[in-house]
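Participant: Dropping in final_33.pdb, which is PDB, C-alpha atoms (C1' of nucleotides):
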```pdb
ATOM      1  CA  MET A1214       0.644 -57.000-138.510
ATOM      2  CA  PRO A1215       3.104 -56.717-141.225
ATOM      3  CA  GLU A1216       2.175 -57.302-144.859
ATOM      4  CA  LEU A1217       0.761 -54.669-147.188
ATOM      5  CA  PRO A1218      -2.905 -54.938-146.137
ATOM      6  CA  GLU A1219      -2.187 -54.765-142.419
ATOM      7  CA  VAL A1220       0.278 -51.913-142.829
ATOM      8  CA  GLU A1221      -2.166 -50.024-145.030
ATOM      9  CA  ALA A1222      -4.917 -50.482-142.461
ATOM     10  CA  ALA A1223      -2.581 -49.400-139.674
ATOM     11  CA  ALA A1224      -1.550 -46.261-141.555
ATOM     12  CA  ARG A1225      -5.160 -45.306-142.278
ATOM     13  CA  PHE A1226      -6.081 -45.913-138.676
ATOM     14  CA  LEU A1227      -3.220 -43.822-137.392
ATOM     15  CA  HIS A1228      -4.044 -41.071-139.875
ATOM     16  CA  SER A1229      -7.591 -40.948-138.558
ATOM     17  CA  GLN A1230      -6.253 -40.634-135.024
ATOM     18  CA  ILE A1231      -3.463 -38.072-135.334
ATOM     19  CA  SER A1232      -3.677 -36.069-138.553
ATOM     20  CA  GLY A1233      -3.862 -32.382-137.673
ATOM     21  CA  ARG A1234      -2.578 -33.040-134.165
ATOM     22  CA  THR A1235       0.717 -31.952-132.656
ATOM     23  CA  LEU A1236       3.380 -34.267-131.281
ATOM     24  CA  LEU A1237       3.935 -33.298-127.653
ATOM     25  CA  ALA A1238       6.255 -35.949-126.239
ATOM     26  CA  VAL A1239       8.029 -39.208-127.005
ATOM     27  CA  THR A1240       9.137 -41.867-124.567
ATOM     28  CA  TRP A1241      11.143 -44.988-125.390
ATOM     29  CA  LEU A1242      10.139 -48.086-123.512
ATOM     30  CA  HIS A1243      12.767 -50.368-125.013
ATOM     31  CA  ARG A1244      16.351 -49.638-126.041
ATOM     32  CA  SER A1245      16.520 -51.744-129.151
ATOM     33  CA  LEU A1246      13.933 -49.870-131.198
ATOM     34  CA  LEU A1247      15.481 -46.519-131.741
ATOM     35  CA  ARG A1248      19.124 -47.341-132.397
ATOM     36  CA  ASN A1249      20.497 -43.842-132.920
ATOM     37  CA  ALA A1250      17.252 -42.106-133.825
ATOM     38  CA  ALA A1251      16.087 -40.856-130.434
ATOM     39  CA  ALA A1252      17.572 -37.385-130.766
ATOM     40  CA  ASP A1253      16.193 -37.054-134.287
ATOM     41  CA  VAL A1254      12.746 -38.054-133.125
ATOM     42  CA  ASP A1255      12.865 -35.359-130.479
ATOM     43  CA  THR A1256      13.197 -32.730-133.210
ATOM     44  CA  LEU A1257       9.681 -33.621-134.356
ATOM     45  CA  ILE A1258       8.143 -32.527-131.072
ATOM     46  CA  GLY A1259       5.983 -29.447-131.504
ATOM     47  CA  HIS A1260       5.167 -30.214-135.119
ATOM     48  CA  ARG A1261       1.754 -31.016-136.510
ATOM     49  CA  VAL A1262       0.963 -34.203-138.424
ATOM     50  CA  ALA A1263      -0.026 -33.561-142.015
ATOM     51  CA  ARG A1264      -0.710 -37.155-142.985
ATOM     52  CA  VAL A1265       0.172 -40.792-142.437
ATOM     53  CA  VAL A1266       0.892 -42.829-145.535
ATOM     54  CA  ARG A1267       2.078 -46.292-146.444
ATOM     55  CA  VAL A1268       5.110 -46.793-148.674
ATOM     56  CA  ALA A1269       5.644 -50.496-149.348
ATOM     57  CA  LYS A1270       5.631 -51.932-145.811
ATOM     58  CA  TRP A1271       6.820 -48.704-144.227
ATOM     59  CA  GLN A1272       4.602 -46.089-142.663
ATOM     60  CA  GLU A1273       5.475 -42.447-142.972
ATOM     61  CA  ILE A1274       4.123 -39.960-140.493
ATOM     62  CA  VAL A1275       4.588 -36.704-142.378
ATOM     63  CA  PHE A1276       4.755 -33.507-140.358
ATOM     64  CA  ASP A1277       3.889 -29.962-141.393
ATOM     65  CA  ASP A1278       7.525 -29.153-142.178
ATOM     66  CA  GLU A1279       7.717 -32.291-144.355
ATOM     67  CA  SER A1280       9.974 -34.054-141.914
ATOM     68  CA  VAL A1281       8.971 -37.691-141.619
ATOM     69  CA  LEU A1282       8.844 -40.292-138.901
ATOM     70  CA  VAL A1283       9.435 -43.575-140.694
ATOM     71  CA  VAL A1284       8.192 -46.744-139.021
ATOM     72  CA  HIS A1285       8.557 -50.369-140.036
ATOM     73  CA  PHE A1286       6.586 -52.991-138.103
ATOM     74  CA  ARG A1287       8.702 -55.934-139.318
ATOM     75  CA  MET A1288       7.077 -59.071-137.901
ATOM     76  CA  THR A1289       4.928 -58.113-134.958
ATOM     77  CA  GLY A1290       4.576 -54.349-134.678
ATOM     78  CA  ASP A1291       1.229 -52.593-134.343
ATOM     79  CA  TRP A1292      -0.337 -49.357-133.157
ATOM     80  CA  ALA A1293      -2.484 -48.918-130.107
ATOM     81  CA  VAL A1294      -4.186 -45.611-129.349
ATOM     82  CA  THR A1295      -5.540 -44.711-125.939
ATOM     83  CA  HIS A1296      -6.827 -41.600-124.243
ATOM     84  CA  ARG A1297      -4.958 -42.289-121.041
ATOM     85  CA  PRO A1298      -1.237 -42.795-120.511
ATOM     86  CA  ASP A1299      -1.578 -46.419-119.471
ATOM     87  CA  PRO A1300       0.696 -48.603-121.614
ATOM     88  CA  PRO A1301      -0.822 -51.664-123.237
ATOM     89  CA  GLY A1302       1.109 -54.931-123.148
ATOM     90  CA  HIS A1303       4.385 -54.963-125.069
ATOM     91  CA  ALA A1304       4.326 -51.208-125.571
ATOM     92  CA  ARG A1305       7.795 -50.181-126.819
ATOM     93  CA  ALA A1306       7.380 -46.496-127.600
ATOM     94  CA  HIS A1307       4.935 -43.840-126.438
ATOM     95  CA  PHE A1308       3.951 -40.843-128.563
ATOM     96  CA  VAL A1309       1.741 -38.191-127.026
ATOM     97  CA  PHE A1310      -0.295 -36.055-129.418
ATOM     98  CA  SER A1311      -2.535 -33.107-128.727
ATOM     99  CA  GLY A1312      -6.125 -33.985-127.953
ATOM    100  CA  ALA A1313      -4.992 -36.672-125.512
ATOM    101  CA  ARG A1314      -4.003 -39.180-128.162
ATOM    102  CA  HIS A1315      -1.555 -41.640-126.694
ATOM    103  CA  VAL A1316      -0.040 -43.630-129.522
ATOM    104  CA  TRP A1317       1.839 -46.768-128.547
ATOM    105  CA  LEU A1318       4.083 -48.842-130.733
ATOM    106  CA  VAL A1319       3.265 -52.334-129.553
ATOM    107  CA  ASP A1320       5.718 -55.035-130.572
ATOM    108  CA  PRO A1321       6.335 -58.237-128.590
ATOM    109  CA  ARG A1322       9.474 -59.124-130.554
ATOM    110  CA  VAL A1323      10.843 -55.582-130.688
ATOM    111  CA  LEU A1324      11.890 -55.977-134.300
ATOM    112  CA  SER A1325      10.168 -52.749-135.409
ATOM    113  CA  ARG A1326      12.381 -49.904-136.557
ATOM    114  CA  ILE A1327      11.913 -46.155-136.328
ATOM    115  CA  THR A1328      13.905 -43.519-138.159
ATOM    116  CA  VAL A1329      13.521 -39.850-139.025
ATOM    117  CA  ARG A1330      13.841 -38.285-142.449
ATOM    118  CA  ARG A1331      14.285 -34.517-142.496
ATOM    119  CA  SER A1332      12.644 -32.556-145.277
ATOM    120  CA  GLY A1333      14.946 -32.559-148.258
ATOM    121  CA  ASP A1334      16.691 -35.782-147.305
ATOM    122  CA  VAL A1335      16.654 -38.523-149.881
ATOM    123  CA  ASP A1336      14.992 -41.676-148.705
ATOM    124  CA  PRO A1337      17.955 -44.083-148.562
ATOM    125  CA  THR A1338      15.738 -47.119-149.128
ATOM    126  CA  SER A1339      13.590 -45.832-151.979
ATOM    127  CA  HIS A1340      15.781 -47.206-154.739
ATOM    128  CA  ARG A1341      15.357 -50.698-153.385
ATOM    129  CA  ILE A1342      11.571 -50.666-153.468
ATOM    130  CA  GLY A1343       9.885 -52.147-156.515
ATOM    131  CA  PRO A1344       6.434 -51.267-157.789
ATOM    132  CA  ASP A1345       3.724 -51.470-155.162
ATOM    133  CA  ALA A1346       1.633 -54.626-155.435
ATOM    134  CA  LEU A1347      -1.541 -52.537-155.549
ATOM    135  CA  ASP A1348      -0.213 -49.926-157.970
ATOM    136  CA  PRO A1349      -2.755 -49.826-160.835
ATOM    137  CA  ALA A1350       0.111 -49.053-163.217
ATOM    138  CA  LEU A1351       1.619 -52.457-162.516
ATOM    139  CA  ASP A1352       0.272 -54.736-165.231
ATOM    140  CA  ALA A1353       1.264 -58.247-166.226
ATOM    141  CA  PRO A1354       3.907 -57.239-168.796
ATOM    142  CA  ALA A1355       5.518 -54.900-166.275
ATOM    143  CA  LEU A1356       5.549 -57.578-163.605
ATOM    144  CA  ARG A1357       6.947 -60.103-166.071
ATOM    145  CA  ALA A1358       9.713 -57.644-166.864
ATOM    146  CA  GLN A1359      10.507 -57.487-163.152
ATOM    147  CA  PHE A1360      10.841 -61.273-163.162
ATOM    148  CA  ALA A1361      12.983 -61.413-166.296
ATOM    149  CA  SER A1362      16.368 -61.612-164.576
ATOM    150  CA  ARG A1363      15.195 -63.738-161.659
ATOM    151  CA  ARG A1364      15.746 -67.446-161.895
ATOM    152  CA  ALA A1365      14.980 -68.051-158.221
ATOM    153  CA  PRO A1366      11.692 -69.771-157.300
ATOM    154  CA  ILE A1367       8.725 -67.445-157.742
ATOM    155  CA  LYS A1368       7.780 -67.706-154.064
ATOM    156  CA  GLN A1369      11.101 -66.230-153.002
ATOM    157  CA  VAL A1370      11.016 -63.590-155.714
ATOM    158  CA  LEU A1371       7.617 -62.412-154.511
ATOM    159  CA  LEU A1372       9.173 -61.734-151.119
ATOM    160  CA  ASP A1373      11.866 -59.536-152.652
ATOM    161  CA  GLN A1374      10.630 -55.998-152.074
ATOM    162  CA  SER A1375      12.799 -54.641-154.877
ATOM    163  CA  VAL A1376      10.841 -56.766-157.368
ATOM    164  CA  ILE A1377       7.328 -56.068-156.091
ATOM    165  CA  ALA A1378       6.580 -54.282-152.840
ATOM    166  CA  GLY A1379       4.139 -55.270-150.151
ATOM    167  CA  ILE A1380       3.882 -59.055-150.324
ATOM    168  CA  GLY A1381       5.040 -61.170-147.392
ATOM    169  CA  ASN A1382       5.218 -64.839-146.538
ATOM    170  CA  ILE A1383       1.508 -65.408-145.958
ATOM    171  CA  TYR A1384       0.117 -63.644-148.989
ATOM    172  CA  ALA A1385       2.828 -64.931-151.322
ATOM    173  CA  ALA A1386       1.591 -68.437-150.602
ATOM    174  CA  GLU A1387      -2.027 -67.383-150.923
ATOM    175  CA  ALA A1388      -1.497 -65.566-154.225
ATOM    176  CA  LEU A1389       0.340 -68.527-155.736
ATOM    177  CA  TRP A1390      -2.457 -70.819-154.669
ATOM    178  CA  HIS A1391      -5.035 -68.565-156.293
ATOM    179  CA  ALA A1392      -2.978 -68.505-159.479
ATOM    180  CA  ARG A1393      -2.350 -72.277-159.353
ATOM    181  CA  ILE A1394       1.384 -71.709-159.719
ATOM    182  CA  ASN A1395       4.003 -73.966-158.164
ATOM    183  CA  PRO A1396       6.091 -72.048-155.621
ATOM    184  CA  TRP A1397       9.287 -73.587-157.025
ATOM    185  CA  ALA A1398       8.718 -72.380-160.579
ATOM    186  CA  PRO A1399      11.620 -70.151-161.680
ATOM    187  CA  ALA A1400      10.267 -66.615-161.845
ATOM    188  CA  GLN A1401      11.798 -65.782-165.194
ATOM    189  CA  ARG A1402      10.179 -68.788-166.843
ATOM    190  CA  LEU A1403       6.591 -67.793-166.073
ATOM    191  CA  THR A1404       4.579 -67.148-169.211
ATOM    192  CA  LEU A1405       2.692 -63.907-169.591
ATOM    193  CA  ALA A1406      -0.562 -65.772-169.065
ATOM    194  CA  ARG A1407       0.708 -67.124-165.763
ATOM    195  CA  VAL A1408       1.994 -63.760-164.645
ATOM    196  CA  ARG A1409      -1.415 -62.334-165.409
ATOM    197  CA  ARG A1410      -3.016 -65.016-163.262
ATOM    198  CA  LEU A1411      -0.485 -64.350-160.541
ATOM    199  CA  LEU A1412      -1.202 -60.638-160.556
ATOM    200  CA  ASP A1413      -4.902 -61.420-160.285
ATOM    201  CA  GLY A1414      -4.121 -63.723-157.370
ATOM    202  CA  ILE A1415      -2.012 -61.070-155.662
ATOM    203  CA  ARG A1416      -4.703 -58.414-156.020
ATOM    204  CA  TRP A1417      -7.485 -60.716-154.927
ATOM    205  CA  THR A1418      -5.537 -61.844-151.884
ATOM    206  CA  LEU A1419      -4.425 -58.386-150.830
ATOM    207  CA  ALA A1420      -7.815 -56.779-151.427
ATOM    208  CA  LEU A1421      -9.551 -59.404-149.339
ATOM    209  CA  ALA A1422      -7.003 -59.038-146.555
ATOM    210  CA  LEU A1423      -7.189 -55.250-146.652
ATOM    211  CA  ASP A1424     -10.938 -55.406-146.281
ATOM    212  CA  GLU A1425     -10.524 -57.732-143.330
ATOM    213  CA  ALA A1426      -7.702 -55.713-141.769
ATOM    214  CA  GLY A1427      -9.702 -52.521-142.081
ATOM    215  CA  ARG A1428     -12.449 -53.965-139.955
ATOM    216  CA  HIS A1429     -10.503 -55.923-137.348
ATOM    217  CA  ARG A1430      -7.359 -53.793-137.227
ATOM    218  CA  TYR A1431      -5.133 -56.529-135.869
ATOM    219  CA  GLY A1432      -4.136 -60.058-136.729
ATOM    220  CA  THR A1433      -4.422 -61.740-140.087
ATOM    221  CA  ALA A1434      -7.531 -63.108-141.700
ATOM    222  CA  THR A1435      -6.327 -66.555-140.718
ATOM    223  CA  GLY A1436      -9.740 -68.136-140.873
ATOM    224  CA  ARG A1437      -9.982 -67.361-144.564
ATOM    225  CA  LEU A1438      -6.536 -68.396-145.677
ATOM    226  CA  ALA A1439      -6.460 -71.061-148.361
ATOM    227  CA  VAL A1440      -3.106 -72.696-147.685
ATOM    228  CA  TYR A1441      -0.941 -70.768-145.218
ATOM    229  CA  ASP A1442      -0.500 -72.631-141.936
ATOM    230  CA  ARG A1443      -2.833 -75.376-143.157
ATOM    231  CA  GLU A1444      -0.356 -78.229-143.593
ATOM    232  CA  GLY A1445      -2.170 -81.544-143.885
ATOM    233  CA  GLN A1446      -5.585 -79.926-144.127
ATOM    234  CA  SER A1447      -7.553 -80.236-147.337
ATOM    235  CA  CYS A1448      -7.117 -77.773-150.159
ATOM    236  CA  ARG A1449     -10.192 -75.575-150.364
ATOM    237  CA  ARG A1450     -10.269 -76.083-154.122
ATOM    238  CA  CYS A1451      -9.455 -79.742-154.778
ATOM    239  CA  GLY A1452      -9.406 -81.403-151.369
ATOM    240  CA  ALA A1453      -5.844 -82.694-151.570
ATOM    241  CA  PRO A1454      -3.756 -82.229-148.394
ATOM    242  CA  VAL A1455      -1.877 -78.945-148.196
ATOM    243  CA  ALA A1456       1.898 -79.437-148.290
ATOM    244  CA  ARG A1457       4.617 -77.493-146.495
ATOM    245  CA  THR A1458       8.251 -77.024-147.425
ATOM    246  CA  THR A1459      11.003 -74.529-146.788
ATOM    247  CA  GLN A1460      12.259 -71.996-149.292
ATOM    248  CA  GLY A1461      14.920 -69.509-148.295
ATOM    249  CA  GLN A1462      14.488 -70.343-144.611
ATOM    250  CA  ARG A1463      10.776 -69.518-144.795
ATOM    251  CA  SER A1464       7.829 -71.887-144.738
ATOM    252  CA  THR A1465       5.926 -72.361-147.952
ATOM    253  CA  TYR A1466       2.487 -73.911-148.070
ATOM    254  CA  TRP A1467       0.905 -75.096-151.289
ATOM    255  CA  CYS A1468      -1.339 -77.698-152.893
ATOM    256  CA  ARG A1469       0.596 -80.400-154.726
ATOM    257  CA  ARG A1470      -2.380 -81.205-156.886
ATOM    258  CA  CYS A1471      -3.558 -77.832-158.112
ATOM    259  CA  GLN A1472      -0.194 -76.114-158.089
ATOM    260  CA  ARG A1473       1.891 -78.368-160.312
ATOM    261  CA  SER A1474       4.559 -76.919-162.545
TER     262      SER A1474
ATOM    263  C1'  DT B 287      22.826 -67.050-152.974
ATOM    264  C1'  DA B 288      22.929 -68.670-148.411
ATOM    265  C1'  DT B 289      23.380 -67.809-143.354
ATOM    266  C1'  DG B 290      22.977 -65.685-138.930
ATOM    267  C1'  DG B 291      21.234 -61.970-136.259
ATOM    268  C1'  DC B 292      17.788 -59.074-134.425
ATOM    269  C1'  DC B 293      14.090 -59.980-130.026
ATOM    270  C1'  DT B 294      10.462 -62.223-127.585
ATOM    271  C1'  DG B 295       6.653 -65.240-127.378
ATOM    272  C1'  DT B 296       3.951 -69.432-128.263
ATOM    273  C1'  DG B 297       2.982 -74.122-128.920
ATOM    274  C1'  DG B 298       4.371 -78.988-129.416
TER     275       DG B 298
ATOM    276  C1'  DC C 507      13.457 -78.555-124.308
ATOM    277  C1'  DC C 508      13.016 -77.245-129.216
ATOM    278  C1'  DA C 509      10.964 -75.341-133.508
ATOM    279  C1'  DC C 510       8.965 -71.689-135.346
ATOM    280  C1'  DA C 511       7.013 -66.953-136.137
ATOM    281  C1'  DG C 512       3.557 -61.874-140.801
ATOM    282  C1'  DG C 513      10.723 -58.961-142.259
ATOM    283  C1'  DC C 514      14.829 -57.220-143.269
ATOM    284  C1'  DC C 515      19.903 -56.429-143.096
ATOM    285  C1'  DA C 516      24.863 -57.448-142.690
ATOM    286  C1'  DT C 517      28.180 -60.580-143.878
ATOM    287  C1'  DA C 518      30.798 -64.056-146.406
TER     288       DA C 518
END
```
As a first step, turn the structure in this file into structure tokens.

Facilitator:
Amino acid sequence: MPELPEVEAAARFLHSQISGRTLLAVTWLHRSLLRNAAADVDTLIGHRVARVVRVAKWQEIVFDDESVLVVHFRMTGDWAVTHRPDPPGHARAHFVFSGARHVWLVDPRVLSRITVRRSGDVDPTSHRIGPDALDPALDAPALRAQFASRRAPIKQVLLDQSVIAGIGNIYAAEALWHARINPWAPAQRLTLARVRRLLDGIRWTLALALDEAGRHRYGTATGRLAVYDREGQSCRRCGAPVARTTQGQRSTYWCRRCQRS
DNA sequence: TATGGCCTGTGG
DNA sequence: CCACAGGCCATA
């Protein structure tokens, strides 16, 4: 579930399910998730949820005393909500809220992470989060400024959450395809016109995915992807076969014909 | 700037 | 059996 659109949809969904409700109990179904946070999470019991918000790819469940349960889905996390205490498959944590809301953190790979931030604590990760990809204040000159010191390939720079927050491996490829930009192009060498196109591509891609995620609430809009996971299939724009390479240990998909340097 | 690790599951 | 998977962090 894990890029900006899916996390945003998950946060909205969870908000609709638990805002105004009280946390009654927490059970851990897998050791690896909590690290040292279990005791901290217990301190949230008895508090009422004020809101659930997305910050980059994190979700913050904010309680009435402004303490925060911080959740990151990483690769395969998701929420499931039931009205009975029967765990769905791969359930790793169980949160019981008033009104018989059973919230399950479902994560086959168990890479999700949960921490607690007490009111007044400084978010230790906040300084490493760049502008949100959907922040209206992020315009092309601002994004270009973020790229200025980055000579790495643009595909890898898009995955750096301190440069721009919310984009992951799928939508980086999709956005570059929309913008007709070669994934290997050094980020700092992109002209303003290209950065503008890229920002358009990012927003188009994320908006489409958010719309999709809001209605399906799980999985990616894989049927509508232009290049990701389509190696050898024809480019939806020019018909040339989609290529695949590796950048920074991650797969990159792109069209050799319409995404030249 | 790269590499391995975290975990488990799926598909070739 | 192996390669690979929507993310991030620690380490060298």

Participant: Spell out the residues picked by the PyMOL selection byres ((chain A) within 10 of (chain C)) here, as an mmCIF file with C-alpha atoms, in the frame of the given file.

Facilitator:
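Listing of expr_30.cif after writing:
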```cif
data_model
loop_
_atom_site.group_PDB
_atom_site.id
_atom_site.type_symbol
_atom_site.label_atom_id
_atom_site.label_comp_id
_atom_site.auth_asym_id
_atom_site.auth_seq_id
_atom_site.Cartn_x
_atom_site.Cartn_y
_atom_site.Cartn_z
ATOM 1 C CA MET A 1214 0.644 -57.000 -138.510
ATOM 2 C CA PRO A 1215 3.104 -56.717 -141.225
ATOM 3 C CA GLU A 1216 2.175 -57.302 -144.859
ATOM 4 C CA GLU A 1219 -2.187 -54.765 -142.419
ATOM 5 C CA LYS A 1270 5.631 -51.932 -145.811
ATOM 6 C CA HIS A 1285 8.557 -50.369 -140.036
ATOM 7 C CA PHE A 1286 6.586 -52.991 -138.103
ATOM 8 C CA ARG A 1287 8.702 -55.934 -139.318
ATOM 9 C CA MET A 1288 7.077 -59.071 -137.901
ATOM 10 C CA THR A 1289 4.928 -58.113 -134.958
ATOM 11 C CA GLY A 1290 4.576 -54.349 -134.678
ATOM 12 C CA ARG A 1322 9.474 -59.124 -130.554
ATOM 13 C CA LEU A 1324 11.890 -55.977 -134.300
ATOM 14 C CA SER A 1325 10.168 -52.749 -135.409
ATOM 15 C CA LEU A 1372 9.173 -61.734 -151.119
ATOM 16 C CA GLN A 1374 10.630 -55.998 -152.074
ATOM 17 C CA ILE A 1380 3.882 -59.055 -150.324
ATOM 18 C CA GLY A 1381 5.040 -61.170 -147.392
ATOM 19 C CA ASN A 1382 5.218 -64.839 -146.538
ATOM 20 C CA ILE A 1383 1.508 -65.408 -145.958
ATOM 21 C CA TYR A 1384 0.117 -63.644 -148.989
ATOM 22 C CA GLY A 1432 -4.136 -60.058 -136.729
ATOM 23 C CA THR A 1433 -4.422 -61.740 -140.087
ATOM 24 C CA ARG A 1463 10.776 -69.518 -144.795
ATOM 25 C CA SER A 1464 7.829 -71.887 -144.738
#
```

Participant: What residues in chain B lie within 8 Å of chain A, counting only C-alpha atoms (C1' of nucleotides), written as a compact mmCIF listing (two decimals) with C-alpha atoms (C1' of nucleotides), keeping the file's coordinate frame?

Facilitator:
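So result_16.txt came out as:
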```txt
# COMPACT_ATOMS: atom_id res chain seq x y z
C1' DC B 292 17.79 -59.07 -134.43
C1' DC B 293 14.09 -59.98 -130.03
C1' DT B 294 10.46 -62.22 -127.58
C1' DG B 295 6.65 -65.24 -127.38
```

Participant: If you apply the PyMOL selection byres ((chain A and resi 1274) around 12) to this file, what residues do you get, as a PyMOL selection string?

Facilitator: chain A and resi 1223-1236+1254+1257+1260-1268+1271-1273+1275-1285+1308+1327-1331

Participant: Grab the residues selected above and save them as an mmCIF file, in the frame of the given file with C-alpha atoms.

Facilitator:
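The resulting file, result.cif, is reproduced below:
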```
data_model
loop_
_atom_site.group_PDB
_atom_site.id
_atom_site.type_symbol
_atom_site.label_atom_id
_atom_site.label_comp_id
_atom_site.auth_asym_id
_atom_site.auth_seq_id
_atom_site.Cartn_x
_atom_site.Cartn_y
_atom_site.Cartn_z
ATOM 1 C CA ALA A 1223 -2.581 -49.400 -139.674
ATOM 2 C CA ALA A 1224 -1.550 -46.261 -141.555
ATOM 3 C CA ARG A 1225 -5.160 -45.306 -142.278
ATOM 4 C CA PHE A 1226 -6.081 -45.913 -138.676
ATOM 5 C CA LEU A 1227 -3.220 -43.822 -137.392
ATOM 6 C CA HIS A 1228 -4.044 -41.071 -139.875
ATOM 7 C CA SER A 1229 -7.591 -40.948 -138.558
ATOM 8 C CA GLN A 1230 -6.253 -40.634 -135.024
ATOM 9 C CA ILE A 1231 -3.463 -38.072 -135.334
ATOM 10 C CA SER A 1232 -3.677 -36.069 -138.553
ATOM 11 C CA GLY A 1233 -3.862 -32.382 -137.673
ATOM 12 C CA ARG A 1234 -2.578 -33.040 -134.165
ATOM 13 C CA THR A 1235 0.717 -31.952 -132.656
ATOM 14 C CA LEU A 1236 3.380 -34.267 -131.281
ATOM 15 C CA VAL A 1254 12.746 -38.054 -133.125
ATOM 16 C CA LEU A 1257 9.681 -33.621 -134.356
ATOM 17 C CA HIS A 1260 5.167 -30.214 -135.119
ATOM 18 C CA ARG A 1261 1.754 -31.016 -136.510
ATOM 19 C CA VAL A 1262 0.963 -34.203 -138.424
ATOM 20 C CA ALA A 1263 -0.026 -33.561 -142.015
ATOM 21 C CA ARG A 1264 -0.710 -37.155 -142.985
ATOM 22 C CA VAL A 1265 0.172 -40.792 -142.437
ATOM 23 C CA VAL A 1266 0.892 -42.829 -145.535
ATOM 24 C CA ARG A 1267 2.078 -46.292 -146.444
ATOM 25 C CA VAL A 1268 5.110 -46.793 -148.674
ATOM 26 C CA TRP A 1271 6.820 -48.704 -144.227
ATOM 27 C CA GLN A 1272 4.602 -46.089 -142.663
ATOM 28 C CA GLU A 1273 5.475 -42.447 -142.972
ATOM 29 C CA VAL A 1275 4.588 -36.704 -142.378
ATOM 30 C CA PHE A 1276 4.755 -33.507 -140.358
ATOM 31 C CA ASP A 1277 3.889 -29.962 -141.393
ATOM 32 C CA ASP A 1278 7.525 -29.153 -142.178
ATOM 33 C CA GLU A 1279 7.717 -32.291 -144.355
ATOM 34 C CA SER A 1280 9.974 -34.054 -141.914
ATOM 35 C CA VAL A 1281 8.971 -37.691 -141.619
ATOM 36 C CA LEU A 1282 8.844 -40.292 -138.901
ATOM 37 C CA VAL A 1283 9.435 -43.575 -140.694
ATOM 38 C CA VAL A 1284 8.192 -46.744 -139.021
ATOM 39 C CA HIS A 1285 8.557 -50.369 -140.036
ATOM 40 C CA PHE A 1308 3.951 -40.843 -128.563
ATOM 41 C CA ILE A 1327 11.913 -46.155 -136.328
ATOM 42 C CA THR A 1328 13.905 -43.519 -138.159
ATOM 43 C CA VAL A 1329 13.521 -39.850 -139.025
ATOM 44 C CA ARG A 1330 13.841 -38.285 -142.449
ATOM 45 C CA ARG A 1331 14.285 -34.517 -142.496
#
```

Participant: For Leu1356 in chain A, list every protein, DNA or RNA residue within 12 Å, evaluated using all atoms listed in the file, and leave out those in the same chain fewer than 6 positions away; present the list as number ranges by chain.

Facilitator: A: 1343-1350, 1362-1363, 1367, 1370-1371, 1375-1378, 1400-1401, 1403-1413, 1415

Participant: In Å, how far is it from CA of Val1239 in chain A to CA of Ile1258 in chain A?

Facilitator: 7.8 Å

Participant: State, in Å with one decimal place, the distance from CA of Val1440 in chain A to CA of Leu1389 in chain A.

Facilitator: 9.7 Å

Participant: Figure out the distance between CA of Ser1332 in chain A and CA of Pro1218 in chain A, please, to one decimal in Å.

Facilitator: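 Going from CA of Pro1218 in chain A over to CA of Ser1332 in chain A, I get 27.3 Å.
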
Participant: Show which residues sit within 10 Å of Gly1452 in chain A, as a list of chain:residue names. Count all atoms listed in the file, and ignore same-chain residues fewer than 3 positions away.

Facilitator: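 These residues fall inside the cut-off: A:Gln1446, A:Ser1447, A:Cys1448, A:Arg1449, A:Val1455, A:Cys1468, A:Arg1470, A:Cys1471.
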